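Engineer: Pasting a structure here, questions to come.
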Amino acid sequence: MRPLCRTELIDDVTKKLFIKTYGCQMNVYDSGRMADVLAPLGYAPAQSAEEADMVILNTCHIREKAAEKVYSELGRVRRAKERKAEQGGRMIVAVAGCVAQAEGAEIMRRAPAVDMVVGPQSYHRLPEMVARITRGAGHVLETEFPVEDKFDYLPAPVSIAGPAAFLTIQEGCDKFCTFCVVPYTRGAEYSRPALAVIEEARRLVEAGARELTLLGQNVNAWHGAAPDGTNWGLGRLCRALAELDGLERIRYTTSHPRDMDDELISAHADVPQLMPYLHLPVQSGSDRVLAAMNRRHDAQSYLRLVERIRAARPDIALSSDFIVGFPGESDRDFEDTLSLVREVGYAQSFSFKYSPRPGTPGASMDAQVPDAVKSGRLEALQDLLNAQAREFHHATIGRRLSVLFEKPGRHQGQLVGRSPYLQPVHVDAPQALLGRIAEVEITGAEPHSLSGRLAELSVEAV
């Protein structure tokens, strides 16, 4: 593919781009990179679809009825496109992400207003696709898994929205959990080379990032080619990133218990920039259900792993994902999940009723659990998880926590930042602290946030 030169790309009039992002942090990262790819074509951000010359729906296929939500949104975008045409303008409509990958041809059939469908491995080709649409080449469908590495074709990040930024280091998954569509929509596991990750991290820090969250569908499976000719694991990468001047915080998500190796656990003990908060999905506490899910771990191995992590970093907080009502889940299986939750004690968790995904093995399994049973189990699980989260929040009252201030609060003279445990913290503080880390004494806890006051040392430092 011949890259278009800048003089071929930029029109005299700036065009407007609106991207609606669904789902996970990786989609947030991808949306940012799509904006970067399209910036040389003259596209600047729009605040709504109605004012845009190009609309991209960057979709997620994880949640229930994800595709139908996209079609509903496409109905609203179609009406905006028609109004723009009535005014003599033109709007390009694109669907990207995992729903695009899974349902490319069906999207074209059901939504004729869509000009382009692009899978998550092909968005580096957006400039060529826009050129084809502009030339009147008809609809464009790009949902293959290209041979080339898309990251080699992406420009450097143009800007960041605040002091915390995302950085994708790994894509795809080889685990093939029976409930999950990721291997089919994102492809096989791929790890970016270490130098490429470090270089992008350096650019993000130079642009003002103080915290980086490393992203991957199975991020702790990352094994990237290293400068010394070997392959590094995620623990070694975190140590290298910690050497970047100005990078004060490192996080990563989402992890699989099977890929928490000794090197990564020791990094939690040794690297102060690595935050004491770990998302480690277990999905179920029943060995029978875990086997049916093809998770490749059992409850006891997960609990032993938690012990090792906490031995390395005693102040670490854990979060997790849970699915209730997986095919064949009995009352006893569900009680095993509640037992595991009580034993671990989570700071935060995400829990969902199982919903079949077309094409996954779980969708065709026998003994599908009735929805009413799933709803009852989900309510009981969430009651327990919410109680644990409240307990964790209230345990921070009276403590001093470092807070990275990210944005102004809703009230005059207020800033909002994140604690090391990802909790939003509301503090009366001067604007000069935006983008900086300060010590905060926690004075109050709400269900989803904390409040506090600047410690004396922080006040003197401003």
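By order in the structure tokens, chains are A, B, ...; within a chain, residues start at 1; ligands start at 1, following the order shown.
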For stretch 108-114 of chain A, find every residue with an atom within 6 Å (counting only C-alpha atoms), except residues of its own chain fewer than 4 positions away, and show them as a PDB file with N, CA and C atoms, in the first residue's frame.
Structural biologist:
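Final output, part-v5.pdb:
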```pdb
ATOM      1  N   ARG A  78     -27.734   7.789  10.477  1.00  0.00           N
ATOM      2  CA  ARG A  78     -28.298   7.868   9.121  1.00  0.00           C
ATOM      3  C   ARG A  78     -29.141   9.134   8.958  1.00  0.00           C
ATOM      4  N   VAL A  93     -19.658   7.553   6.929  1.00  0.00           N
ATOM      5  CA  VAL A  93     -20.001   6.784   8.125  1.00  0.00           C
ATOM      6  C   VAL A  93     -19.212   5.484   8.131  1.00  0.00           C
ATOM      7  N   ALA A  94     -18.542   5.214   9.244  1.00  0.00           N
ATOM      8  CA  ALA A  94     -17.730   4.004   9.366  1.00  0.00           C
ATOM      9  C   ALA A  94     -18.086   3.274  10.651  1.00  0.00           C
TER      10      ALA A  94
END
```
Engineer: Write down as a count of residues only the residues of stretch 233-296 of chain A whose backbone DSSP state falls under helix (DSSP H, G or I).
Structural biologist: 27
Engineer: Please identify every residue of stretch 135-238 of chain A that has at least one atom no farther than 12 Å from an atom of stretch 414-421 of chain A, counting only C-alpha atoms, and for each give the shortest atom pair and the distance in Å to one decimal, arranged by chain then increasing number, as a Markdown table.
Structural biologist:
```
| residue | atom | partner | partner_atom | distance |
| --- | --- | --- | --- | --- |
| A:Gly162 | CA | A:Gly417 | CA | 10.8 |
| A:Pro163 | CA | A:Gly417 | CA | 10.0 |
| A:Ala164 | CA | A:Arg418 | CA | 9.6 |
| A:Arg210 | CA | A:Arg418 | CA | 11.9 |
| A:Glu211 | CA | A:Arg418 | CA | 10.4 |
```
Engineer: Write out as a PyMOL selection string which residues come within 7 Å of stretch 239-249 of chain A when counting only C-alpha atoms, dropping same-chain ones fewer than 3 positions away.
Structural biologist: chain A and resi 198+202+205+210-212+235-236+271+273-275
Engineer: Emit the selected residues as an mmCIF file, in the first residue's frame, including N, CA and C atoms.
Structural biologist:
```cif
data_model
loop_
_atom_site.group_PDB
_atom_site.id
_atom_site.type_symbol
_atom_site.label_atom_id
_atom_site.label_comp_id
_atom_site.auth_asym_id
_atom_site.auth_seq_id
_atom_site.Cartn_x
_atom_site.Cartn_y
_atom_site.Cartn_z
ATOM 1 N N ILE A 198 8.550 1.107 24.300
ATOM 2 C CA ILE A 198 9.300 2.096 25.081
ATOM 3 C C ILE A 198 9.320 3.441 24.366
ATOM 4 N N ARG A 202 7.812 6.881 25.705
ATOM 5 C CA ARG A 202 8.623 8.095 25.848
ATOM 6 C C ARG A 202 7.911 9.294 25.227
ATOM 7 N N VAL A 205 5.076 10.426 27.502
ATOM 8 C CA VAL A 205 5.577 11.146 28.669
ATOM 9 C C VAL A 205 6.014 12.548 28.274
ATOM 10 N N ARG A 210 1.873 11.293 32.923
ATOM 11 C CA ARG A 210 2.580 10.907 34.144
ATOM 12 C C ARG A 210 2.221 9.482 34.563
ATOM 13 N N GLU A 211 1.150 8.969 33.979
ATOM 14 C CA GLU A 211 0.712 7.602 34.255
ATOM 15 C C GLU A 211 0.384 6.912 32.942
ATOM 16 N N LEU A 212 0.864 5.691 32.772
ATOM 17 C CA LEU A 212 0.558 4.889 31.595
ATOM 18 C C LEU A 212 -0.127 3.604 32.025
ATOM 19 N N GLY A 235 6.997 -8.195 33.237
ATOM 20 C CA GLY A 235 7.731 -7.694 34.390
ATOM 21 C C GLY A 235 8.982 -6.935 33.976
ATOM 22 N N ARG A 236 9.719 -7.499 33.028
ATOM 23 C CA ARG A 236 10.941 -6.828 32.547
ATOM 24 C C ARG A 236 10.602 -5.529 31.828
ATOM 25 N N VAL A 271 9.248 -2.430 41.865
ATOM 26 C CA VAL A 271 9.099 -1.239 41.021
ATOM 27 C C VAL A 271 8.068 -0.311 41.655
ATOM 28 N N GLN A 273 6.924 2.484 40.750
ATOM 29 C CA GLN A 273 5.983 3.091 39.797
ATOM 30 C C GLN A 273 4.817 2.165 39.462
ATOM 31 N N LEU A 274 4.974 0.863 39.687
ATOM 32 C CA LEU A 274 3.910 -0.092 39.400
ATOM 33 C C LEU A 274 2.863 -0.001 40.505
ATOM 34 N N MET A 275 1.673 0.445 40.156
ATOM 35 C CA MET A 275 0.662 0.759 41.152
ATOM 36 C C MET A 275 0.140 -0.502 41.858
#
```
Engineer: Interatomic distance between atom CA of A:Ala67 and atom CA of A:Ser191?
Structural biologist: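 These two atoms are separated by 28.2 Å.
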Engineer: Near A:Thr253, within 10 Å and counting only C-alpha atoms, which residues show up once chain neighbours fewer than 3 positions away are dropped, as number ranges by chain?
Structural biologist: A: 25-26, 168, 213-220, 256, 278-280
Engineer: Include N, CA and C atoms and write out the residues we just selected as an mmCIF file, in the first residue's frame.
Structural biologist:
```
data_model
loop_
_atom_site.group_PDB
_atom_site.id
_atom_site.type_symbol
_atom_site.label_atom_id
_atom_site.label_comp_id
_atom_site.auth_asym_id
_atom_site.auth_seq_id
_atom_site.Cartn_x
_atom_site.Cartn_y
_atom_site.Cartn_z
ATOM 1 N N GLN A 25 -10.903 -0.172 27.482
ATOM 2 C CA GLN A 25 -9.847 0.836 27.329
ATOM 3 C C GLN A 25 -9.097 0.676 26.017
ATOM 4 N N MET A 26 -9.012 -0.561 25.511
ATOM 5 C CA MET A 26 -8.315 -0.739 24.233
ATOM 6 C C MET A 26 -9.056 -0.030 23.114
ATOM 7 N N THR A 168 -1.390 0.502 24.090
ATOM 8 C CA THR A 168 -1.592 -0.905 23.734
ATOM 9 C C THR A 168 -0.254 -1.563 23.449
ATOM 10 N N THR A 213 -1.210 3.268 31.334
ATOM 11 C CA THR A 213 -1.850 1.969 31.511
ATOM 12 C C THR A 213 -1.562 1.132 30.282
ATOM 13 N N LEU A 214 -0.838 0.047 30.476
ATOM 14 C CA LEU A 214 -0.488 -0.858 29.381
ATOM 15 C C LEU A 214 -1.680 -1.757 29.102
ATOM 16 N N LEU A 215 -2.073 -1.835 27.841
ATOM 17 C CA LEU A 215 -3.301 -2.521 27.476
ATOM 18 C C LEU A 215 -3.038 -3.773 26.651
ATOM 19 N N GLY A 216 -3.898 -4.752 26.829
ATOM 20 C CA GLY A 216 -3.899 -5.946 26.002
ATOM 21 C C GLY A 216 -5.108 -6.787 26.334
ATOM 22 N N GLN A 217 -5.608 -7.526 25.341
ATOM 23 C CA GLN A 217 -6.684 -8.457 25.671
ATOM 24 C C GLN A 217 -6.202 -9.473 26.696
ATOM 25 N N ASN A 218 -4.917 -9.766 26.653
ATOM 26 C CA ASN A 218 -4.299 -10.693 27.602
ATOM 27 C C ASN A 218 -2.913 -10.134 27.911
ATOM 28 N N VAL A 219 -2.900 -8.991 28.567
ATOM 29 C CA VAL A 219 -1.713 -8.136 28.590
ATOM 30 C C VAL A 219 -0.518 -8.800 29.249
ATOM 31 N N ASN A 220 -0.747 -9.627 30.275
ATOM 32 C CA ASN A 220 0.419 -10.238 30.922
ATOM 33 C C ASN A 220 0.949 -11.449 30.177
ATOM 34 N N HIS A 256 -4.574 -12.449 32.728
ATOM 35 C CA HIS A 256 -5.082 -13.814 32.897
ATOM 36 C C HIS A 256 -4.266 -14.471 34.002
ATOM 37 N N LEU A 278 -4.453 -4.410 40.974
ATOM 38 C CA LEU A 278 -4.334 -5.428 39.929
ATOM 39 C C LEU A 278 -5.703 -5.987 39.589
ATOM 40 N N HIS A 279 -6.045 -5.917 38.311
ATOM 41 C CA HIS A 279 -7.269 -6.539 37.820
ATOM 42 C C HIS A 279 -6.928 -7.948 37.363
ATOM 43 N N LEU A 280 -7.478 -8.941 38.076
ATOM 44 C CA LEU A 280 -7.118 -10.340 37.837
ATOM 45 C C LEU A 280 -8.397 -11.172 37.741
#
```
Engineer: Residues of stretch 224-458 of chain A classed as strand (DSSP E or B) by DSSP on the backbone are to be reported as a PyMOL selection string.
Structural biologist: chain A and resi 224-225+231-233+249-253+274+277-279+283+317-324+348-353+400-408+414-418+424-428+437-445+450-454
Engineer: Those same residues - C-alpha atoms - I'd like them written as a tab-separated table (two decimals), in the first residue's frame.
Structural biologist:
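Everything below was put into out_19.tsv:
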```
chain	number	residue	atom	x	y	z
A	224	GLY	CA	8.13	-8.77	23.11
A	225	ALA	CA	11.34	-8.88	21.17
A	231	ASN	CA	12.15	-11.88	24.52
A	232	TRP	CA	11.11	-9.90	27.57
A	233	GLY	CA	8.06	-10.58	29.70
A	249	ARG	CA	2.85	5.53	37.51
A	250	ILE	CA	2.44	2.26	35.59
A	251	ARG	CA	-0.66	0.07	35.39
A	252	TYR	CA	-1.69	-2.81	33.14
A	253	THR	CA	-4.93	-4.56	32.19
A	274	LEU	CA	3.91	-0.09	39.40
A	277	TYR	CA	-3.89	-2.32	42.07
A	278	LEU	CA	-4.33	-5.43	39.93
A	279	HIS	CA	-7.27	-6.54	37.82
A	283	GLN	CA	-14.82	-15.52	36.30
A	317	ALA	CA	-5.77	-4.26	46.01
A	318	LEU	CA	-7.45	-6.69	43.66
A	319	SER	CA	-10.36	-6.42	41.27
A	320	SER	CA	-11.90	-9.14	39.14
A	321	ASP	CA	-14.53	-10.17	36.58
A	322	PHE	CA	-17.32	-12.65	37.26
A	323	ILE	CA	-19.84	-14.38	35.02
A	324	VAL	CA	-22.89	-15.91	36.68
A	348	GLN	CA	-13.75	-3.55	43.04
A	349	SER	CA	-15.22	-6.04	40.60
A	350	PHE	CA	-17.31	-6.35	37.47
A	351	SER	CA	-20.02	-8.99	37.32
A	352	PHE	CA	-22.38	-10.01	34.54
A	353	LYS	CA	-25.02	-12.53	33.63
A	400	ARG	CA	-2.63	9.67	53.19
A	401	LEU	CA	-2.71	8.63	49.55
A	402	SER	CA	-0.86	10.05	46.57
A	403	VAL	CA	-3.32	11.45	44.05
A	404	LEU	CA	-2.66	12.25	40.38
A	405	PHE	CA	-4.91	15.20	39.57
A	406	GLU	CA	-6.49	14.76	36.14
A	407	LYS	CA	-9.26	17.33	35.71
A	408	PRO	CA	-11.29	20.10	37.38
A	414	GLN	CA	-12.07	21.53	43.13
A	415	LEU	CA	-9.86	19.00	41.34
A	416	VAL	CA	-10.43	15.30	40.70
A	417	GLY	CA	-7.65	12.77	40.61
A	418	ARG	CA	-6.97	9.07	41.06
A	424	PRO	CA	-11.60	8.98	42.05
A	425	VAL	CA	-10.65	11.53	44.73
A	426	HIS	CA	-12.30	14.98	45.01
A	427	VAL	CA	-10.13	17.65	46.63
A	428	ASP	CA	-10.22	21.43	47.01
A	437	ILE	CA	0.78	14.13	42.10
A	438	ALA	CA	0.15	15.34	45.63
A	439	GLU	CA	-0.41	13.74	49.02
A	440	VAL	CA	-4.03	13.82	50.12
A	441	GLU	CA	-5.54	12.95	53.48
A	442	ILE	CA	-8.75	11.01	52.83
A	443	THR	CA	-11.69	12.42	54.81
A	444	GLY	CA	-14.74	10.77	53.25
A	445	ALA	CA	-15.88	7.81	51.19
A	450	LEU	CA	-13.35	9.50	47.89
A	451	SER	CA	-12.96	13.03	49.19
A	452	GLY	CA	-9.98	14.51	50.95
A	453	ARG	CA	-7.81	17.51	51.71
A	454	LEU	CA	-4.32	18.34	50.66
```
Engineer: Nearest residue to A:Ala161 out of A:Gly23, A:Gly208, A:Glu128, A:Ala455, using only C-alpha atoms?
Structural biologist: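 The closest residue to A:Ala161 is A:Gly208.
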Engineer: So how many Å separate atom CA of A:Asp336 and atom CA of A:Gly285, to one decimal?
Structural biologist: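 So the two atoms, atom CA of A:Asp336 and atom CA of A:Gly285, lie 5.0 Å apart.
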